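Chemist: What follows is query-v7.pdb, PDB, C-alpha atoms.
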ATOM      1  CA  MET A  97      -5.310 -29.324  -9.080  1.00  0.00           C
ATOM      2  CA  ASN A  98      -2.757 -30.982  -6.842  1.00  0.00           C
ATOM      3  CA  THR A  99      -2.481 -30.525  -3.069  1.00  0.00           C
ATOM      4  CA  THR A 100       0.385 -28.014  -3.292  1.00  0.00           C
ATOM      5  CA  GLU A 101      -1.498 -25.889  -5.822  1.00  0.00           C
ATOM      6  CA  SER A 102      -4.612 -26.053  -3.682  1.00  0.00           C
ATOM      7  CA  THR A 103      -2.698 -25.011  -0.566  1.00  0.00           C
ATOM      8  CA  ASN A 104      -1.074 -22.121  -2.455  1.00  0.00           C
ATOM      9  CA  ILE A 105      -4.441 -20.909  -3.741  1.00  0.00           C
ATOM     10  CA  PHE A 106      -5.992 -21.091  -0.290  1.00  0.00           C
ATOM     11  CA  ASN A 107      -2.984 -19.387   1.318  1.00  0.00           C
ATOM     12  CA  PHE A 108      -3.181 -16.615  -1.279  1.00  0.00           C
ATOM     13  CA  ALA A 109      -6.940 -16.229  -0.813  1.00  0.00           C
ATOM     14  CA  ILE A 110      -6.638 -16.153   2.991  1.00  0.00           C
ATOM     15  CA  LYS A 111      -3.888 -13.516   2.790  1.00  0.00           C
ATOM     16  CA  MET A 112      -6.023 -11.505   0.372  1.00  0.00           C
ATOM     17  CA  GLU A 113      -8.950 -11.592   2.827  1.00  0.00           C
ATOM     18  CA  ASP A 114      -6.705 -10.673   5.778  1.00  0.00           C
ATOM     19  CA  ASP A 115      -5.260  -7.755   3.812  1.00  0.00           C
ATOM     20  CA  GLY A 116      -8.784  -6.673   2.829  1.00  0.00           C
ATOM     21  CA  GLU A 117      -9.870  -6.626   6.455  1.00  0.00           C
ATOM     22  CA  LYS A 118      -6.865  -4.488   7.445  1.00  0.00           C
ATOM     23  CA  PHE A 119      -7.478  -2.122   4.527  1.00  0.00           C
ATOM     24  CA  TYR A 120     -11.135  -1.579   5.474  1.00  0.00           C
ATOM     25  CA  ARG A 121     -10.322  -1.129   9.179  1.00  0.00           C
ATOM     26  CA  ARG A 122      -7.693   1.528   8.349  1.00  0.00           C
ATOM     27  CA  LEU A 123     -10.132   3.228   6.000  1.00  0.00           C
ATOM     28  CA  ALA A 124     -12.863   3.157   8.659  1.00  0.00           C
ATOM     29  CA  ASP A 125     -10.461   4.657  11.200  1.00  0.00           C
ATOM     30  CA  LYS A 126      -9.796   7.548   8.805  1.00  0.00           C
ATOM     31  CA  SER A 127     -13.469   8.182   8.127  1.00  0.00           C
ATOM     32  CA  ALA A 128     -15.084  11.134   9.873  1.00  0.00           C
ATOM     33  CA  ASP A 129     -18.612  10.014   8.962  1.00  0.00           C
ATOM     34  CA  LYS A 130     -20.321   7.516  11.297  1.00  0.00           C
ATOM     35  CA  GLY A 131     -22.344   5.950   8.491  1.00  0.00           C
ATOM     36  CA  VAL A 132     -19.349   5.432   6.203  1.00  0.00           C
ATOM     37  CA  LYS A 133     -17.354   4.076   9.156  1.00  0.00           C
ATOM     38  CA  SER A 134     -20.145   1.555   9.804  1.00  0.00           C
ATOM     39  CA  ILE A 135     -20.192   0.394   6.178  1.00  0.00           C
ATOM     40  CA  LEU A 136     -16.403   0.025   6.049  1.00  0.00           C
ATOM     41  CA  ASN A 137     -16.311  -1.939   9.302  1.00  0.00           C
ATOM     42  CA  GLY A 138     -19.067  -4.178   7.904  1.00  0.00           C
ATOM     43  CA  LEU A 139     -16.932  -4.836   4.826  1.00  0.00           C
ATOM     44  CA  ALA A 140     -13.980  -5.662   7.102  1.00  0.00           C
ATOM     45  CA  ASP A 141     -16.177  -8.067   9.085  1.00  0.00           C
ATOM     46  CA  ASP A 142     -17.155  -9.823   5.852  1.00  0.00           C
ATOM     47  CA  GLU A 143     -13.491 -10.209   4.884  1.00  0.00           C
ATOM     48  CA  VAL A 144     -12.859 -11.840   8.286  1.00  0.00           C
ATOM     49  CA  LYS A 145     -15.777 -14.195   7.641  1.00  0.00           C
ATOM     50  CA  HIS A 146     -14.371 -15.120   4.207  1.00  0.00           C
ATOM     51  CA  GLY A 147     -10.912 -15.796   5.658  1.00  0.00           C
ATOM     52  CA  ARG A 148     -12.341 -17.933   8.466  1.00  0.00           C
ATOM     53  CA  THR A 149     -14.428 -19.950   6.011  1.00  0.00           C
ATOM     54  CA  LEU A 150     -11.418 -20.510   3.731  1.00  0.00           C
ATOM     55  CA  ARG A 151      -9.275 -21.640   6.676  1.00  0.00           C
ATOM     56  CA  GLU A 152     -11.951 -24.088   7.835  1.00  0.00           C
ATOM     57  CA  PHE A 153     -12.478 -25.440   4.327  1.00  0.00           C
ATOM     58  CA  GLU A 154      -8.734 -25.933   3.818  1.00  0.00           C
ATOM     59  CA  LYS A 155      -8.644 -27.977   7.046  1.00  0.00           C
ATOM     60  CA  GLY A 156     -11.432 -30.183   5.717  1.00  0.00           C
ATOM     61  CA  ALA A 157     -14.426 -28.607   7.419  1.00  0.00           C
ATOM     62  CA  SER A 158     -17.701 -27.933   5.662  1.00  0.00           C
ATOM     63  CA  ALA A 159     -17.756 -24.732   3.618  1.00  0.00           C
ATOM     64  CA  GLU A 160     -20.849 -23.251   5.203  1.00  0.00           C
ATOM     65  CA  MET A 161     -20.849 -19.487   5.132  1.00  0.00           C
ATOM     66  CA  ALA A 162     -23.687 -17.315   6.347  1.00  0.00           C
ATOM     67  CA  GLU A 163     -25.113 -14.850   3.879  1.00  0.00           C
ATOM     68  CA  THR A 164     -23.819 -11.340   4.244  1.00  0.00           C
ATOM     69  CA  VAL A 165     -26.106  -8.764   5.832  1.00  0.00           C
ATOM     70  CA  ILE A 166     -24.053  -5.768   4.787  1.00  0.00           C
ATOM     71  CA  LEU A 167     -26.345  -4.634   1.976  1.00  0.00           C
ATOM     72  CA  GLY A 168     -29.390  -4.548   4.229  1.00  0.00           C
ATOM     73  CA  ASN A 169     -27.464  -2.719   6.924  1.00  0.00           C
ATOM     74  CA  ALA A 170     -26.019  -0.276   4.387  1.00  0.00           C
ATOM     75  CA  LYS A 171     -29.508   0.664   3.161  1.00  0.00           C
ATOM     76  CA  ASN A 172     -30.325   1.819   6.677  1.00  0.00           C
ATOM     77  CA  VAL A 173     -27.035   3.720   6.905  1.00  0.00           C
ATOM     78  CA  PHE A 174     -27.609   5.457   3.562  1.00  0.00           C
ATOM     79  CA  ALA A 175     -31.128   6.426   4.629  1.00  0.00           C
ATOM     80  CA  GLY A 176     -29.729   8.186   7.674  1.00  0.00           C
ATOM     81  CA  MET A 177     -26.784   9.880   5.947  1.00  0.00           C
ATOM     82  CA  ASP A 178     -26.593  13.430   4.664  1.00  0.00           C
ATOM     83  CA  ALA A 179     -24.760  13.188   1.323  1.00  0.00           C
ATOM     84  CA  SER A 180     -23.286  16.678   1.504  1.00  0.00           C
ATOM     85  CA  LYS A 181     -21.912  16.087   5.027  1.00  0.00           C
ATOM     86  CA  ALA A 182     -20.538  12.691   3.979  1.00  0.00           C
ATOM     87  CA  PHE A 183     -18.882  14.347   0.973  1.00  0.00           C
ATOM     88  CA  ASP A 184     -17.305  17.051   3.137  1.00  0.00           C
ATOM     89  CA  ALA A 185     -16.106  14.426   5.638  1.00  0.00           C
ATOM     90  CA  ALA A 186     -14.644  12.193   2.925  1.00  0.00           C
ATOM     91  CA  GLY A 187     -12.578  14.644   0.917  1.00  0.00           C
ATOM     92  CA  THR A 188     -10.739  13.751  -2.266  1.00  0.00           C
ATOM     93  CA  ASP A 189      -8.051  11.598  -0.598  1.00  0.00           C
ATOM     94  CA  GLN A 190     -10.724   9.469   1.057  1.00  0.00           C
ATOM     95  CA  LEU A 191     -12.636   9.114  -2.213  1.00  0.00           C
ATOM     96  CA  ALA A 192      -9.485   7.889  -3.942  1.00  0.00           C
ATOM     97  CA  LEU A 193      -9.221   5.169  -1.286  1.00  0.00           C
ATOM     98  CA  TYR A 194     -12.875   4.174  -1.857  1.00  0.00           C
ATOM     99  CA  GLU A 195     -12.121   3.880  -5.564  1.00  0.00           C
ATOM    100  CA  GLN A 196      -9.072   1.754  -4.723  1.00  0.00           C
ATOM    101  CA  ALA A 197     -11.329  -0.470  -2.582  1.00  0.00           C
ATOM    102  CA  LEU A 198     -13.732  -0.753  -5.527  1.00  0.00           C
ATOM    103  CA  GLU A 199     -10.897  -2.018  -7.724  1.00  0.00           C
ATOM    104  CA  ILE A 200      -9.786  -4.474  -5.027  1.00  0.00           C
ATOM    105  CA  GLU A 201     -13.309  -5.904  -4.861  1.00  0.00           C
ATOM    106  CA  ARG A 202     -13.456  -6.209  -8.648  1.00  0.00           C
ATOM    107  CA  LYS A 203     -10.172  -8.130  -8.689  1.00  0.00           C
ATOM    108  CA  SER A 204     -11.283 -10.324  -5.766  1.00  0.00           C
ATOM    109  CA  ARG A 205     -14.533 -11.163  -7.533  1.00  0.00           C
ATOM    110  CA  GLU A 206     -12.619 -12.144 -10.669  1.00  0.00           C
ATOM    111  CA  PHE A 207     -10.058 -14.167  -8.680  1.00  0.00           C
ATOM    112  CA  TYR A 208     -12.734 -16.273  -6.969  1.00  0.00           C
ATOM    113  CA  LYS A 209     -14.681 -16.704 -10.198  1.00  0.00           C
ATOM    114  CA  LEU A 210     -11.523 -17.960 -11.919  1.00  0.00           C
ATOM    115  CA  GLN A 211     -10.780 -20.348  -9.048  1.00  0.00           C
ATOM    116  CA  ALA A 212     -14.339 -21.679  -9.271  1.00  0.00           C
ATOM    117  CA  ASP A 213     -14.003 -22.170 -13.024  1.00  0.00           C
ATOM    118  CA  ASN A 214     -10.718 -24.055 -12.548  1.00  0.00           C
ATOM    119  CA  SER A 215     -11.775 -26.197  -9.594  1.00  0.00           C
ATOM    120  CA  ALA A 216     -12.551 -29.849 -10.189  1.00  0.00           C
ATOM    121  CA  VAL A 217     -13.890 -30.240  -6.646  1.00  0.00           C
ATOM    122  CA  LYS A 218     -17.556 -29.257  -6.414  1.00  0.00           C
ATOM    123  CA  SER A 219     -17.394 -28.104  -2.789  1.00  0.00           C
ATOM    124  CA  ALA A 220     -14.414 -25.829  -3.543  1.00  0.00           C
ATOM    125  CA  ARG A 221     -16.117 -24.530  -6.686  1.00  0.00           C
ATOM    126  CA  ASP A 222     -19.281 -23.751  -4.695  1.00  0.00           C
ATOM    127  CA  LEU A 223     -17.296 -21.963  -1.992  1.00  0.00           C
ATOM    128  CA  PHE A 224     -15.371 -19.864  -4.521  1.00  0.00           C
ATOM    129  CA  LEU A 225     -18.606 -18.919  -6.282  1.00  0.00           C
ATOM    130  CA  LYS A 226     -20.228 -17.920  -3.016  1.00  0.00           C
ATOM    131  CA  ILE A 227     -17.289 -15.708  -2.050  1.00  0.00           C
ATOM    132  CA  SER A 228     -17.203 -14.261  -5.572  1.00  0.00           C
ATOM    133  CA  ASP A 229     -20.880 -13.371  -5.192  1.00  0.00           C
ATOM    134  CA  GLU A 230     -20.189 -11.644  -1.875  1.00  0.00           C
ATOM    135  CA  GLU A 231     -17.278  -9.726  -3.392  1.00  0.00           C
ATOM    136  CA  ASN A 232     -19.688  -8.633  -6.111  1.00  0.00           C
ATOM    137  CA  ARG A 233     -22.042  -7.313  -3.405  1.00  0.00           C
ATOM    138  CA  HIS A 234     -19.131  -5.436  -1.855  1.00  0.00           C
ATOM    139  CA  TYR A 235     -18.361  -3.949  -5.276  1.00  0.00           C
ATOM    140  CA  PHE A 236     -21.982  -2.862  -5.662  1.00  0.00           C
ATOM    141  CA  LEU A 237     -21.995  -1.344  -2.178  1.00  0.00           C
ATOM    142  CA  LEU A 238     -18.768   0.602  -2.733  1.00  0.00           C
ATOM    143  CA  GLU A 239     -19.985   1.787  -6.113  1.00  0.00           C
ATOM    144  CA  ASN A 240     -23.119   3.142  -4.458  1.00  0.00           C
ATOM    145  CA  LEU A 241     -21.170   4.647  -1.569  1.00  0.00           C
ATOM    146  CA  ILE A 242     -18.928   6.527  -3.999  1.00  0.00           C
ATOM    147  CA  SER A 243     -21.946   7.662  -5.986  1.00  0.00           C
ATOM    148  CA  PHE A 244     -23.802   8.765  -2.850  1.00  0.00           C
ATOM    149  CA  ILE A 245     -20.858  10.701  -1.426  1.00  0.00           C
ATOM    150  CA  THR A 246     -19.917  12.377  -4.705  1.00  0.00           C
ATOM    151  CA  GLN A 247     -23.517  13.230  -5.591  1.00  0.00           C
ATOM    152  CA  PRO A 248     -23.266  16.853  -4.414  1.00  0.00           C
ATOM    153  CA  GLN A 249     -20.070  17.288  -6.436  1.00  0.00           C
ATOM    154  CA  ARG A 250     -21.508  15.610  -9.534  1.00  0.00           C
ATOM    155  CA  GLY A 251     -24.674  17.643  -9.241  1.00  0.00           C
ATOM    156  CA  LEU A 252     -22.605  20.806  -9.556  1.00  0.00           C
ATOM    157  CA  GLU A 253     -20.644  19.347 -12.475  1.00  0.00           C
ATOM    158  CA  ASN A 254     -23.866  18.473 -14.325  1.00  0.00           C
ATOM    159  CA  ALA A 255     -25.622  21.769 -13.582  1.00  0.00           C
TER     160      ALA A 255
END
Could you write out this structure as structure tokens?
Modeler:
Amino acid sequence: MNTTESTNIFNFAIKMEDDGEKFYRRLADKSADKGVKSILNGLADDEVKHGRTLREFEKGASAEMAETVILGNAKNVFAGMDASKAFDAAGTDQLALYEQALEIERKSREFYKLQADNSAVKSARDLFLKISDEENRHYFLLENLISFITQPQRGLENA
């Protein structure tokens, strides 16, 4: 990969992370449930962390990135949430946005995995794999959030 290609990939990835942060912040602002708002802001914070790490790496800094704590925090949030209240607060429009976020995380995970597979530079490959793994955790978290919130609805459908 030449320098121009590398710069383009990093610019694209940084923009993707910036857009992800904005998306999650807007979604959190629309959320009426404190627990969901907390999870979405945590996802936004992770996107900021990814963008910062990519910027530093592109400038030649070490690609050290702290492990995400969002899954551990989300477990506590889920434990304190009432699924039926979260469902009522979310509504169908909100759920459609969560499903859109799920798709964004899937595509992000695949993008970083592909970049890792195509990178000849070990440090870049390692960074892309680490971010891909975090995007996979985000996917898992959103999948569980959607399942948790729609549980009352699905329970009625399966009755």
Chemist: Expressed in Å to a single decimal, how great is the separation between CA of Leu191 (chain A) and CA of Ile242 (chain A)?
Modeler: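 We find that CA of Leu191 (chain A) and CA of Ile242 (chain A) lie 7.0 Å from each other.
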Chemist: I need the residue nearest Phe224 (chain A) from this list: A:Thr246, A:Gln211, A:Asn107, A:Asn137. Use all atoms listed in the file for the distance.
Modeler: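 Using all atoms listed in the file, Phe224 (chain A) sits closest to A:Gln211.
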Chemist: Mind giving me the straight-line distance from CA of Gly116 (chain A) to CA of Ala140 (chain A) in Å, one decimal?
Modeler: 6.8 Å
Chemist: With a distance cut-off of 7 Å and only C-alpha atoms, select the neighbouring residues of Glu154 (chain A), excluding the residue or stretch itself and same-chain residues fewer than 3 positions from it, and output the selection as a list in words.
Modeler: Phe106, Leu150 and Arg151 of chain A
Chemist: Near Glu195 (chain A), counting all atoms listed in the file, which residues have an atom at most 12 Å away, once you skip same-chain residues fewer than 2 positions from it, shown as a ChimeraX atom specification?
Modeler: /A:123,188-193,197-202,235-243,245-246
Chemist: Restricting the calculation to all atoms listed in the file: of A:Leu225, A:Leu210, A:Val217, A:Leu139, which residue gets closest to Asp114 (chain A)?
Modeler: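 Closest candidate: A:Leu139.
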Chemist: For a cut-off of 12 Å around (-11.2, -15.6, 7.3), file coordinates, pick out all residues using only C-alpha atoms and list them as a count of residues only.
Modeler: 31
Chemist: Considering all atoms listed in the file, can you say which of A:Lys126, A:His234, A:Ile105, A:Lys209 comes closest to Asp222 (chain A)?
Modeler: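 Of all the options, A:Lys209 lies closest to Asp222 (chain A).
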Chemist: Report as a PyMOL selection string the residues that result from applying the PyMOL selection byres ((chain A and resi 125) around 12) to the structure here.
Modeler: chain A and resi 118-124+126-130+132-137+140+186+190
Chemist: Could you please determine the separation between CA of Ser228 (chain A) and CA of Tyr208 (chain A) in Å, to one decimal place?
Modeler: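 That distance, rounded to one decimal, is 5.1 Å.
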Chemist: Using all atoms listed in the file, which of A:Phe244, A:Lys226, A:Gly131, A:Gly138 sits nearest Arg205 (chain A)?
Modeler: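 Looking at the shortest contact to Arg205 (chain A), the residue is A:Lys226.
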